[in-house]
file coords21.cif (mmCIF, C-alpha atoms)
data_input
#
loop_
_atom_site.label_atom_id
_atom_site.label_comp_id
_atom_site.auth_asym_id
_atom_site.auth_seq_id
_atom_site.Cartn_x
_atom_site.Cartn_y
_atom_site.Cartn_z
CA MET O 98 24.29 211.32 177.62
CA LEU O 99 24.30 215.11 177.43
CA PHE O 100 26.46 214.95 174.30
CA ARG O 101 24.07 212.43 172.75
CA ARG O 102 21.02 214.66 173.41
CA ALA O 103 22.86 217.65 172.01
CA SER O 104 23.71 215.64 168.89
CA ILE O 105 20.06 214.64 168.40
CA LEU O 106 18.90 218.23 168.89
CA LEU O 107 21.55 219.45 166.44
CA ALA O 108 20.44 216.85 163.91
CA ILE O 109 16.80 217.93 164.26
CA LEU O 110 17.72 221.59 163.89
CA THR O 111 19.89 220.80 160.88
CA VAL O 112 17.00 218.98 159.19
CA HIS O 113 14.69 221.84 160.07
CA LEU O 114 17.02 224.50 158.68
CA THR O 115 18.27 222.73 155.57
CA ALA O 116 15.23 220.81 154.36
CA ALA O 117 12.18 222.55 152.87
CA ASP O 118 9.27 222.91 155.25
CA LEU O 119 6.82 220.06 154.97
CA SER O 120 3.27 220.51 153.79
CA PHE O 121 0.64 218.62 155.74
CA ASN O 122 -1.56 218.09 152.70
CA ARG O 123 1.31 217.05 150.43
CA ASP O 124 3.60 215.13 152.77
CA ILE O 125 1.78 214.14 155.98
CA ARG O 126 -1.92 213.60 155.25
CA PRO O 127 -1.22 210.73 152.78
CA ILE O 128 0.86 208.89 155.40
CA LEU O 129 -1.73 209.30 158.16
CA SER O 130 -4.65 208.56 155.85
CA ASP O 131 -3.14 205.33 154.55
CA ASN O 132 -1.85 204.03 157.87
CA CYS O 133 -3.63 205.69 160.79
CA PHE O 134 -7.01 207.23 159.97
CA TYR O 135 -8.90 203.94 159.70
CA CYS O 136 -8.55 203.43 163.47
CA HIS O 137 -7.75 207.00 164.55
CA GLY O 138 -9.64 209.17 162.10
CA PRO O 139 -13.03 210.81 161.59
CA ASP O 140 -15.04 207.57 161.49
CA LYS O 141 -16.27 207.24 165.06
CA ASN O 142 -17.55 203.71 164.45
CA ASN O 143 -14.03 202.39 163.76
CA ARG O 144 -12.11 204.66 166.13
CA LYS O 145 -9.80 202.91 168.59
CA GLY O 146 -8.62 204.23 171.92
CA ASP O 147 -10.78 207.34 171.56
CA LEU O 148 -7.89 208.87 169.60
CA ARG O 149 -8.14 211.06 166.50
CA LEU O 150 -5.02 211.93 164.52
CA ASP O 151 -6.91 214.01 161.96
CA VAL O 152 -7.39 216.80 164.51
CA ARG O 153 -4.36 218.71 165.82
CA GLU O 154 -5.81 219.25 169.30
CA GLU O 155 -6.15 215.48 169.76
CA LEU O 156 -2.51 214.92 168.78
CA ILE O 157 -1.43 217.56 171.30
CA LYS O 158 -3.42 215.76 174.04
CA LEU O 159 -1.69 212.52 173.14
CA GLY O 160 1.71 214.17 172.99
CA SER O 161 3.65 214.33 169.78
CA GLN O 162 6.60 212.53 171.36
CA THR O 163 4.32 209.58 172.10
CA LEU O 164 3.49 209.30 168.41
CA ILE O 165 7.20 209.18 167.52
CA GLU O 166 7.84 206.54 170.17
CA ARG O 167 4.94 204.33 169.01
CA ILE O 168 6.07 204.26 165.38
CA HIS O 169 9.69 203.44 166.34
CA THR O 170 9.17 200.95 169.17
CA THR O 171 10.19 197.29 168.87
CA ASP O 172 7.46 196.20 171.28
CA ASP O 173 4.74 194.50 169.24
CA ASP O 174 2.07 195.50 171.77
CA ASP O 175 2.90 199.22 171.42
CA LEU O 176 3.93 199.37 167.76
CA MET O 177 1.82 201.54 165.49
CA PRO O 178 0.45 200.66 163.08
CA PRO O 179 -0.09 197.26 164.69
CA ALA O 180 1.09 194.12 162.92
CA GLU O 181 -2.46 192.78 162.46
CA SER O 182 -3.33 195.82 160.32
CA HIS O 183 -0.79 194.62 157.70
CA LYS O 184 0.43 198.19 157.36
CA LYS O 185 4.02 199.25 157.89
CA LEU O 186 5.72 202.63 157.79
CA SER O 187 8.90 202.93 155.78
CA ALA O 188 12.01 204.52 157.25
CA LYS O 189 11.44 207.56 155.02
CA GLN O 190 7.85 207.94 156.24
CA LYS O 191 9.00 207.75 159.87
CA ASP O 192 11.63 210.44 159.24
CA THR O 193 9.03 212.61 157.54
CA LEU O 194 6.70 212.36 160.54
CA LYS O 195 9.60 213.13 162.85
CA GLN O 196 10.50 216.23 160.85
CA TRP O 197 6.85 217.29 160.84
CA ILE O 198 6.70 217.05 164.64
CA ALA O 199 9.92 219.04 164.90
CA GLU O 200 8.42 221.77 162.74
CA GLY O 201 5.46 222.12 165.08
CA ALA O 202 3.04 219.50 163.69
CA LYS O 203 1.17 222.03 161.57
CA TYR O 204 -2.16 220.90 160.17
CA GLU O 205 -3.89 222.22 157.07
CA PRO O 206 -7.47 221.90 155.87
CA HIS O 207 -8.01 220.04 152.64
CA TRP O 208 -6.31 221.91 149.80
CA ALA O 209 -9.68 222.41 148.07
CA PHE O 210 -10.79 224.61 150.99
CA VAL O 211 -7.60 226.69 151.20
CA PRO O 212 -7.87 230.10 149.47
CA PRO O 213 -5.29 230.40 146.70
CA VAL O 214 -2.38 232.74 147.36
CA LYS O 215 -0.84 234.77 144.57
CA SER O 216 2.69 233.65 143.84
CA LYS O 217 5.47 236.20 144.36
CA ALA O 218 7.04 235.10 141.09
CA GLY O 219 3.89 235.86 139.13
CA ASN O 220 0.42 234.51 138.64
CA SER O 221 0.32 233.33 135.02
CA ILE O 222 0.48 229.67 134.08
CA ASP O 223 3.87 230.29 132.51
CA ASP O 224 5.26 231.46 135.87
CA PHE O 225 4.24 228.23 137.57
CA VAL O 226 5.55 226.10 134.72
CA ARG O 227 8.91 227.90 134.67
CA ALA O 228 9.28 227.53 138.43
CA GLU O 229 8.75 223.76 138.25
CA LEU O 230 11.00 223.40 135.21
CA LYS O 231 13.76 225.20 137.08
CA LYS O 232 13.40 222.84 140.06
CA HIS O 233 13.97 219.85 137.78
CA GLY O 234 16.72 221.43 135.69
CA LEU O 235 14.58 221.56 132.55
CA GLN O 236 14.28 224.19 129.84
CA PRO O 237 11.09 225.35 128.11
CA ALA O 238 10.33 223.90 124.69
CA PRO O 239 11.29 226.05 121.67
CA LYS O 240 8.77 228.66 120.59
CA ALA O 241 6.14 227.15 118.33
CA SER O 242 5.75 228.30 114.74
CA ARG O 243 2.85 230.51 113.65
CA GLU O 244 1.19 227.56 111.91
CA THR O 245 1.45 225.43 115.03
CA LEU O 246 0.06 228.20 117.24
CA MET O 247 -2.86 228.78 114.91
CA ARG O 248 -3.67 225.09 114.83
CA ARG O 249 -3.50 224.82 118.63
CA LEU O 250 -5.67 227.90 119.07
CA ALA O 251 -8.29 226.73 116.60
CA LEU O 252 -8.51 223.24 118.08
CA ASP O 253 -8.62 224.56 121.67
CA LEU O 254 -11.26 227.21 121.02
CA THR O 255 -13.48 225.62 118.37
CA GLY O 256 -12.43 221.98 118.11
CA LEU O 257 -11.84 222.51 114.38
CA PRO O 258 -8.65 223.07 112.36
CA PRO O 259 -7.94 226.60 111.10
CA LYS O 260 -9.19 227.69 107.68
CA VAL O 261 -7.53 231.09 107.30
CA SER O 262 -4.32 232.26 105.67
CA GLU O 263 -1.00 231.78 107.48
CA LYS O 264 -0.42 235.54 107.18
CA ALA O 265 -3.35 236.40 109.42
CA ASP O 266 -2.58 238.45 112.52
CA LEU O 267 -2.81 236.22 115.59
CA SER O 268 -4.85 238.74 117.58
CA ASP O 269 -7.42 239.03 114.79
CA PHE O 270 -7.33 235.28 114.35
CA ILE O 271 -8.15 234.72 118.05
CA ASP O 272 -10.95 237.30 117.92
CA GLY O 273 -12.41 235.49 114.93
CA LEU O 274 -12.33 232.17 116.78
CA LEU O 275 -14.08 233.69 119.79
CA GLN O 276 -16.77 235.15 117.55
CA SER O 277 -17.34 231.86 115.76
CA PRO O 278 -20.53 229.93 116.64
CA HIS O 279 -18.31 226.85 116.87
CA TYR O 280 -16.65 228.37 119.95
CA GLY O 281 -19.80 227.96 122.02
CA GLU O 282 -20.38 224.49 120.61
CA HIS O 283 -16.89 223.35 121.60
CA MET O 284 -16.99 224.95 125.04
CA ALA O 285 -20.38 223.38 125.72
CA VAL O 286 -19.13 219.80 125.21
CA ALA O 287 -17.52 219.48 128.65
CA TRP O 288 -20.48 221.17 130.32
CA LEU O 289 -22.96 218.82 128.67
CA ASP O 290 -20.92 215.87 129.92
CA ALA O 291 -20.87 217.24 133.46
CA ALA O 292 -24.63 217.80 133.31
CA ARG O 293 -25.18 214.14 132.09
CA PHE O 294 -26.94 215.42 128.95
CA ALA O 295 -28.69 212.76 126.86
CA ASP O 296 -31.36 212.53 124.17
CA THR O 297 -32.97 209.45 125.74
CA ASN O 298 -34.29 208.57 129.19
CA GLY O 299 -32.10 205.56 129.95
CA TYR O 300 -33.23 202.48 131.88
CA GLN O 301 -35.11 199.73 130.01
CA VAL O 302 -37.33 201.65 127.58
CA ASP O 303 -34.75 204.36 126.86
CA ARG O 304 -37.31 206.43 124.98
CA ASP O 305 -36.41 209.67 123.26
CA ARG O 306 -36.56 212.96 125.13
CA GLU O 307 -36.34 216.49 123.77
CA LEU O 308 -33.69 218.37 125.73
CA TRP O 309 -31.92 219.93 122.78
CA PRO O 310 -33.37 223.41 123.61
CA TRP O 311 -31.35 223.34 126.86
CA ARG O 312 -28.27 222.23 124.93
CA ASP O 313 -28.75 225.18 122.55
CA TRP O 314 -29.16 227.49 125.56
CA VAL O 315 -25.76 226.42 126.88
CA ILE O 316 -24.14 227.01 123.50
CA LYS O 317 -25.70 230.47 123.24
CA ALA O 318 -24.58 231.29 126.79
CA PHE O 319 -20.96 230.49 125.96
CA ASN O 320 -21.11 232.43 122.70
CA ALA O 321 -22.60 235.42 124.53
CA ASN O 322 -19.89 235.20 127.24
CA MET O 323 -22.57 235.11 129.95
CA PRO O 324 -21.09 235.83 133.43
CA PHE O 325 -20.62 232.61 135.38
CA ASP O 326 -22.76 233.72 138.34
CA GLN O 327 -25.71 234.36 136.03
CA PHE O 328 -24.93 231.13 134.18
CA THR O 329 -25.22 229.34 137.53
CA ILE O 330 -28.35 231.05 138.82
CA GLU O 331 -30.38 230.48 135.67
CA GLN O 332 -29.52 226.78 135.46
CA LEU O 333 -30.25 226.04 139.10
CA ALA O 334 -33.26 228.28 139.66
CA GLY O 335 -34.07 230.25 136.51
CA ASP O 336 -37.77 229.50 136.84
CA LEU O 337 -37.80 231.05 140.33
CA LEU O 338 -36.53 234.44 139.15
CA PRO O 339 -39.09 237.29 139.15
CA ASN O 340 -40.88 237.44 135.79
CA ALA O 341 -38.74 234.59 134.50
CA THR O 342 -38.28 234.62 130.74
CA LEU O 343 -38.73 231.58 128.56
CA ASP O 344 -34.94 231.30 128.16
CA GLN O 345 -34.48 231.31 131.93
CA LYS O 346 -37.00 228.50 132.27
CA ILE O 347 -35.22 226.55 129.55
CA ALA O 348 -31.95 226.99 131.45
CA THR O 349 -33.31 224.93 134.34
CA GLY O 350 -33.23 221.94 132.01
CA PHE O 351 -29.81 221.32 133.59
CA HIS O 352 -31.51 219.23 136.26
CA ARG O 353 -33.88 217.45 133.86
CA ASN O 354 -30.97 215.51 132.36
CA HIS O 355 -31.07 212.68 134.87
CA MET O 356 -32.20 209.20 133.86
CA LEU O 357 -35.95 208.61 133.91
CA ASN O 358 -37.57 205.24 134.55
CA GLU O 359 -40.76 204.44 132.61
CA GLU O 360 -41.29 200.87 133.78
CA GLY O 361 -44.83 200.33 135.02
CA GLY O 362 -43.87 198.19 138.02
CA ILE O 363 -41.57 200.65 139.78
CA ILE O 364 -42.36 202.57 142.96
CA ALA O 365 -42.64 206.22 141.94
CA GLU O 366 -41.49 207.58 145.31
CA GLU O 367 -38.33 205.47 145.21
CA PHE O 368 -37.22 206.80 141.85
CA LEU O 369 -38.16 210.36 142.66
CA ALA O 370 -35.75 210.00 145.59
CA GLU O 371 -33.11 208.75 143.14
CA TYR O 372 -33.66 211.68 140.79
CA THR O 373 -33.35 214.27 143.53
CA ALA O 374 -30.26 212.54 144.96
CA ASP O 375 -28.74 212.68 141.49
CA ARG O 376 -29.36 216.42 141.41
CA VAL O 377 -27.56 216.91 144.73
CA GLU O 378 -24.55 214.85 143.65
CA THR O 379 -24.36 216.51 140.23
CA THR O 380 -24.62 220.03 141.68
CA ALA O 381 -21.86 219.28 144.18
CA ALA O 382 -19.61 217.76 141.53
CA VAL O 383 -20.11 220.54 138.95
CA TRP O 384 -20.12 223.66 141.11
CA MET O 385 -18.21 222.57 144.21
CA GLY O 386 -15.81 219.99 142.81
CA GLN O 387 -16.95 217.69 145.61
CA THR O 388 -18.20 214.14 145.92
CA PHE O 389 -21.48 214.17 147.84
CA ASN O 390 -22.22 210.47 147.31
CA CYS O 391 -20.64 209.45 150.64
CA CYS O 392 -22.68 211.74 152.86
CA ARG O 393 -25.90 210.38 151.40
CA CYS O 394 -25.47 207.53 153.92
CA HIS O 395 -23.21 208.98 156.61
CA ASP O 396 -21.13 212.01 157.52
CA HIS O 397 -18.19 212.32 155.16
CA LYS O 398 -15.03 210.83 156.63
CA PHE O 399 -12.53 213.26 155.17
CA ASP O 400 -14.47 216.29 153.95
CA PRO O 401 -16.51 218.67 156.12
CA PHE O 402 -19.90 217.46 154.86
CA THR O 403 -22.58 215.68 156.82
CA ALA O 404 -25.63 213.63 155.93
CA LYS O 405 -27.67 216.60 157.15
CA ASP O 406 -26.00 218.78 154.49
CA PHE O 407 -26.92 216.25 151.82
CA TYR O 408 -30.60 216.04 152.74
CA ALA O 409 -30.93 219.78 153.30
CA MET O 410 -29.90 220.31 149.68
CA LYS O 411 -32.01 217.36 148.57
CA ALA O 412 -35.09 218.97 150.13
CA PHE O 413 -34.59 221.96 147.85
CA PHE O 414 -34.57 219.79 144.75
CA HIS O 415 -37.40 217.60 146.03
CA ASN O 416 -39.73 220.59 146.04
CA VAL O 417 -40.66 220.13 142.37
CA PRO O 418 -43.90 219.03 140.65
CA GLU O 419 -42.29 215.93 139.22
CA ARG O 420 -43.27 212.26 139.29
CA GLY O 421 -40.96 209.31 139.79
CA VAL O 422 -42.34 207.52 136.73
CA GLY O 423 -41.79 208.90 133.25
CA LEU O 424 -45.27 208.96 131.71
CA TYR O 425 -46.12 210.02 128.17
CA SER O 426 -49.37 211.56 127.06
CA ASN O 427 -51.19 209.68 124.32
CA PRO O 428 -51.49 209.71 121.39
CA VAL O 429 -48.64 212.27 121.18
CA ARG O 430 -45.44 211.46 123.05
CA THR O 431 -43.76 214.36 124.76
CA ASN O 432 -41.30 214.86 127.60
CA ALA O 433 -42.42 213.75 131.02
CA PRO O 434 -44.10 216.58 132.95
CA PRO O 435 -43.49 219.22 134.06
CA PHE O 436 -42.47 220.82 130.80
CA VAL O 437 -42.93 224.05 128.85
CA LYS O 438 -44.11 224.37 125.28
CA LEU O 439 -41.56 226.12 123.13
CA PRO O 440 -42.13 228.15 119.98
CA ALA O 441 -41.20 226.66 116.59
CA PRO O 442 -40.49 229.65 114.29
CA GLU O 443 -40.70 227.73 110.99
CA LEU O 444 -43.96 226.01 111.85
CA GLU O 445 -45.42 229.20 113.26
CA ALA O 446 -44.58 231.03 110.01
CA LYS O 447 -46.45 228.38 107.99
CA ILE O 448 -49.43 228.55 110.36
CA ALA O 449 -49.48 232.34 110.08
CA ALA O 450 -49.51 232.13 106.25
CA LEU O 451 -52.40 229.66 106.30
CA ASN O 452 -54.32 231.82 108.76
CA THR O 453 -53.88 234.77 106.40
CA LYS O 454 -55.51 232.79 103.60
CA LEU O 455 -58.35 231.70 105.88
CA GLN O 456 -59.07 235.16 107.21
CA PRO O 457 -61.41 236.32 104.37
CA VAL O 458 -63.49 233.16 104.75
CA GLU O 459 -63.67 233.58 108.50
CA ASP O 460 -64.75 237.21 108.04
CA LYS O 461 -67.64 236.07 105.82
CA LEU O 462 -68.67 233.46 108.35
CA LYS O 463 -68.71 236.06 111.09
CA GLY O 464 -70.99 238.24 108.94
CA LEU O 465 -73.53 235.45 108.60
CA ALA O 466 -75.52 236.28 111.68
CA ALA O 467 -78.82 234.54 112.36
CA GLY O 468 -80.84 237.32 110.64
CA ASP O 469 -78.73 237.22 107.47
CA LEU O 470 -79.36 233.56 106.72
CA GLU O 471 -82.98 234.01 105.46
CA PRO O 472 -82.15 235.63 102.05
CA TRP O 473 -79.48 233.04 101.50
CA ALA O 474 -81.89 230.20 102.33
CA LYS O 475 -84.60 231.57 99.92
CA ASN O 476 -82.10 231.98 97.15
CA SER O 477 -80.85 228.45 97.69
CA SER O 478 -84.43 227.06 97.62
CA ARG O 479 -85.21 228.88 94.33
CA ARG O 480 -82.15 227.41 92.71
CA ARG O 481 -83.24 223.93 93.69
CA SER O 482 -86.81 224.35 92.27
CA THR O 483 -85.93 226.00 88.95
CA GLY O 484 -82.72 224.34 88.15
CA CYS O 485 -83.84 220.69 88.39
CA ARG O 486 -84.41 218.88 84.99
CA TRP O 487 -85.68 215.59 86.40
CA SER O 488 -88.66 213.97 84.55
CA ARG O 489 -91.86 213.56 86.54
CA LYS O 490 -93.09 210.64 84.35
CA LYS O 491 -93.41 207.17 85.79
CA PRO O 492 -90.45 204.94 85.06
CA ARG O 493 -90.95 202.41 82.23
CA VAL O 494 -90.89 198.75 83.19
CA VAL O 495 -88.72 196.53 80.98
CA THR O 496 -89.41 192.80 80.84
CA ILE O 497 -86.67 190.37 79.94
CA ARG O 498 -87.71 187.04 78.42
CA LEU O 499 -85.56 184.01 78.64
CA LYS O 500 -85.34 181.51 75.77
CA SER O 501 -85.43 178.57 78.13
CA PRO O 502 -86.95 179.01 81.54
CA THR O 503 -85.15 175.90 82.74
CA ARG O 504 -81.77 176.99 81.43
CA PRO O 505 -79.71 178.74 84.11
CA PHE O 506 -77.96 181.98 83.51
#
call {"tool": "encode", "arguments": {"input": "coords21.cif", "output": "structure tokens"}}
result
Amino acid sequence: MLFRRASILLAILTVHLTAADLSFNRDIRPILSDNCFYCHGPDKNNRKGDLRLDVREELIKLGSQTLIERIHTTDDDDLMPPAESHKKLSAKQKDTLKQWIAEGAKYEPHWAFVPPVKSKAGNSIDDFVRAELKKHGLQPAPKASRETLMRRLALDLTGLPPKVSEKADLSDFIDGLLQSPHYGEHMAVAWLDAARFADTNGYQVDRDRELWPWRDWVIKAFNANMPFDQFTIEQLAGDLLPNATLDQKIATGFHRNHMLNEEGGIIAEEFLAEYTADRVETTAAVWMGQTFNCCRCHDHKFDPFTAKDFYAMKAFFHNVPERGVGLYSNPVRTNAPPFVKLPAPELEAKIAALNTKLQPVEDKLKGLAAGDLEPWAKNSSRRRSTGCRWSRKKPRVVTIRLKSPTRPF
């Protein structure tokens, strides 16, 4: 018996020393999530035996050896996962859990919440690629030709093929791409998709909306290389900044991109709730890389977000002078309120030119005060009395005789 225990311990130590350390997020969480968390996870409504395996302290209370025994037992009453769950651990999964226990049953938060650590081998993308290639016995692809590099650069940065000579210096070529207005246009495409940008309201009517000024703001922001923190602030709360500029107010169009229902029979409060929920979910997806849809109804089962978090953020977005029904002012259709009127340089130039022509006439009208009208009125009356050539004689009566009074015309 002593020899057998020593052999088992030696085997465990051998695995521990020779095999790479396991990662909870990479190797263990998928096994527990697929097979154990439904009954022994964060969802308290489905939890069995008051046991949580997603929390390390709970596993320690249970005893890690108990976990190993329950997944290896031949007793159907003690076997985990139970037969009625229709889940079964493979031999490899059991060995992985056993190794994990031997290594100390280390837990890790979700990888999205773990601060990145700079690699000792380097921090560029090439360093990571080379490290993985080496693990798999692969070699990097041959160096691309100048033409290929230029084409890749142009398509990546502007979405358009290159138009310059093959002899161009690559550094100057890249600078030219970054200075191109097409750079901002290409970079903005993914952002517009994330912001659910559209030129119509959706739903049944799907009427046009004018959100292109916000689209142009995004393009200009990319072309100007605006810092990301400022890019964020202006889109989420640009109108709340002290002495907010017109551009900063336009930036907040990010959250006016949601669908808008114009049907007369809807309940306005219901759809206002939908719009504000959309803003919460979109903000979380774009800036946090998180799905907030789940915690709209209940605490998130796997991420550290609660329904309270969802509605706390929703309250921020609900504090807007917006209606749940998209109404248009008649006879001119515009965006649903609230909105800002934007300048139109071309139209304003035409209006300014017309006003210049009208100015002399307006100046004359201003000079016609009440006391200055009398000479003009006398002069006008004199023209009427002296200039008329009408005859004052009585009009002559002309009689028409018919040949036959009984004959009709």
call {"tool": "residues_around", "arguments": {"input": "coords21.cif", "residues": "segment 372-386 of chain O", "least_positions_apart": "3", "cutoff": "9 Å", "atoms": "all atoms listed in the file", "output": "VMD selection string"}}
result
chain O and resid 209 288 291 to 293 329 333 352 to 353 355 to 357 367 to 369 389 to 390 393 407 to 408 410 to 415 421
call {"tool": "atom_distance", "arguments": {"input": "coords21.cif", "atom1": "atom CA of Asp224 of chain O", "atom2": "atom CA of Ala241 of chain O"}}
result
18.1 Å
call {"tool": "atom_distance", "arguments": {"input": "coords21.cif", "atom1": "atom CA of Pro258 of chain O", "atom2": "atom CA of Arg312 of chain O"}}
result
23.3 Å
call {"tool": "atom_distance", "arguments": {"input": "coords21.cif", "atom1": "atom CA of Pro442 of chain O", "atom2": "atom CA of Thr342 of chain O"}}
result
17.3 Å
call {"tool": "closest_residue", "arguments": {"input": "coords21.cif", "among": "O:Tyr300, O:Leu451, O:Gly234, O:Pro139", "to": "Thr403 of chain O", "atoms": "only C-alpha atoms"}}
result
O:Pro139
call {"tool": "resolve_selection", "arguments": {"input": "coords21.cif", "expression": "the PyMOL selection byres ((chain O and resi 282) around 10)", "output": "ChimeraX atom specification"}}
result
/O:254-256,277-281,283-287,312-313,315-317,319-320
call {"tool": "residues_around", "arguments": {"input": "coords21.cif", "residues": "Ala202 of chain O", "least_positions_apart": "2", "cutoff": "10 Å", "atoms": "only C-alpha atoms", "output": "list in words"}}
result
Leu119, Ser120, Phe121, Ile125, Arg153, Leu156, Ile157, Ser161, Leu194, Lys195, Gln196, Trp197, Ile198, Ala199, Glu200, Tyr204 and Glu205 of chain O
call {"tool": "residues_around", "arguments": {"input": "coords21.cif", "residues": "Gln190 of chain O", "least_positions_apart": "6", "cutoff": "12 Å", "atoms": "only C-alpha atoms", "output": "PyMOL selection string"}}
result
chain O and resi 124-129+131-132+165+168-169+196-197
call {"tool": "resolve_selection", "arguments": {"input": "coords21.cif", "expression": "the PyMOL selection byres ((chain O and resi 332) around 8)", "output": "JSON, numbers by chain"}}
result
{"O": [328, 329, 330, 331, 333, 334, 335, 345, 348, 349, 350, 351, 352]}
call {"tool": "resolve_selection", "arguments": {"input": "coords21.cif", "expression": "the PyMOL selection byres ((chain O and resi 431-437) around 12)", "output": "PyMOL selection string"}}
result
chain O and resi 296-298+304-311+336+342-350+353-354+356-359+417-430+438-440
call {"tool": "write_last_selection", "arguments": {"input": "coords21.cif", "atoms": "C-alpha atoms", "output": "PDB file, in the coordinates of the input"}}
result
ATOM      1  CA  ASP O 296     -31.360 212.530 124.170  1.00  0.00           C
ATOM      2  CA  THR O 297     -32.970 209.450 125.740  1.00  0.00           C
ATOM      3  CA  ASN O 298     -34.290 208.570 129.190  1.00  0.00           C
ATOM      4  CA  ARG O 304     -37.310 206.430 124.980  1.00  0.00           C
ATOM      5  CA  ASP O 305     -36.410 209.670 123.260  1.00  0.00           C
ATOM      6  CA  ARG O 306     -36.560 212.960 125.130  1.00  0.00           C
ATOM      7  CA  GLU O 307     -36.340 216.490 123.770  1.00  0.00           C
ATOM      8  CA  LEU O 308     -33.690 218.370 125.730  1.00  0.00           C
ATOM      9  CA  TRP O 309     -31.920 219.930 122.780  1.00  0.00           C
ATOM     10  CA  PRO O 310     -33.370 223.410 123.610  1.00  0.00           C
ATOM     11  CA  TRP O 311     -31.350 223.340 126.860  1.00  0.00           C
ATOM     12  CA  ASP O 336     -37.770 229.500 136.840  1.00  0.00           C
ATOM     13  CA  THR O 342     -38.280 234.620 130.740  1.00  0.00           C
ATOM     14  CA  LEU O 343     -38.730 231.580 128.560  1.00  0.00           C
ATOM     15  CA  ASP O 344     -34.940 231.300 128.160  1.00  0.00           C
ATOM     16  CA  GLN O 345     -34.480 231.310 131.930  1.00  0.00           C
ATOM     17  CA  LYS O 346     -37.000 228.500 132.270  1.00  0.00           C
ATOM     18  CA  ILE O 347     -35.220 226.550 129.550  1.00  0.00           C
ATOM     19  CA  ALA O 348     -31.950 226.990 131.450  1.00  0.00           C
ATOM     20  CA  THR O 349     -33.310 224.930 134.340  1.00  0.00           C
ATOM     21  CA  GLY O 350     -33.230 221.940 132.010  1.00  0.00           C
ATOM     22  CA  ARG O 353     -33.880 217.450 133.860  1.00  0.00           C
ATOM     23  CA  ASN O 354     -30.970 215.510 132.360  1.00  0.00           C
ATOM     24  CA  MET O 356     -32.200 209.200 133.860  1.00  0.00           C
ATOM     25  CA  LEU O 357     -35.950 208.610 133.910  1.00  0.00           C
ATOM     26  CA  ASN O 358     -37.570 205.240 134.550  1.00  0.00           C
ATOM     27  CA  GLU O 359     -40.760 204.440 132.610  1.00  0.00           C
ATOM     28  CA  VAL O 417     -40.660 220.130 142.370  1.00  0.00           C
ATOM     29  CA  PRO O 418     -43.900 219.030 140.650  1.00  0.00           C
ATOM     30  CA  GLU O 419     -42.290 215.930 139.220  1.00  0.00           C
ATOM     31  CA  ARG O 420     -43.270 212.260 139.290  1.00  0.00           C
ATOM     32  CA  GLY O 421     -40.960 209.310 139.790  1.00  0.00           C
ATOM     33  CA  VAL O 422     -42.340 207.520 136.730  1.00  0.00           C
ATOM     34  CA  GLY O 423     -41.790 208.900 133.250  1.00  0.00           C
ATOM     35  CA  LEU O 424     -45.270 208.960 131.710  1.00  0.00           C
ATOM     36  CA  TYR O 425     -46.120 210.020 128.170  1.00  0.00           C
ATOM     37  CA  SER O 426     -49.370 211.560 127.060  1.00  0.00           C
ATOM     38  CA  ASN O 427     -51.190 209.680 124.320  1.00  0.00           C
ATOM     39  CA  PRO O 428     -51.490 209.710 121.390  1.00  0.00           C
ATOM     40  CA  VAL O 429     -48.640 212.270 121.180  1.00  0.00           C
ATOM     41  CA  ARG O 430     -45.440 211.460 123.050  1.00  0.00           C
ATOM     42  CA  LYS O 438     -44.110 224.370 125.280  1.00  0.00           C
ATOM     43  CA  LEU O 439     -41.560 226.120 123.130  1.00  0.00           C
ATOM     44  CA  PRO O 440     -42.130 228.150 119.980  1.00  0.00           C
TER      45      PRO O 440
END
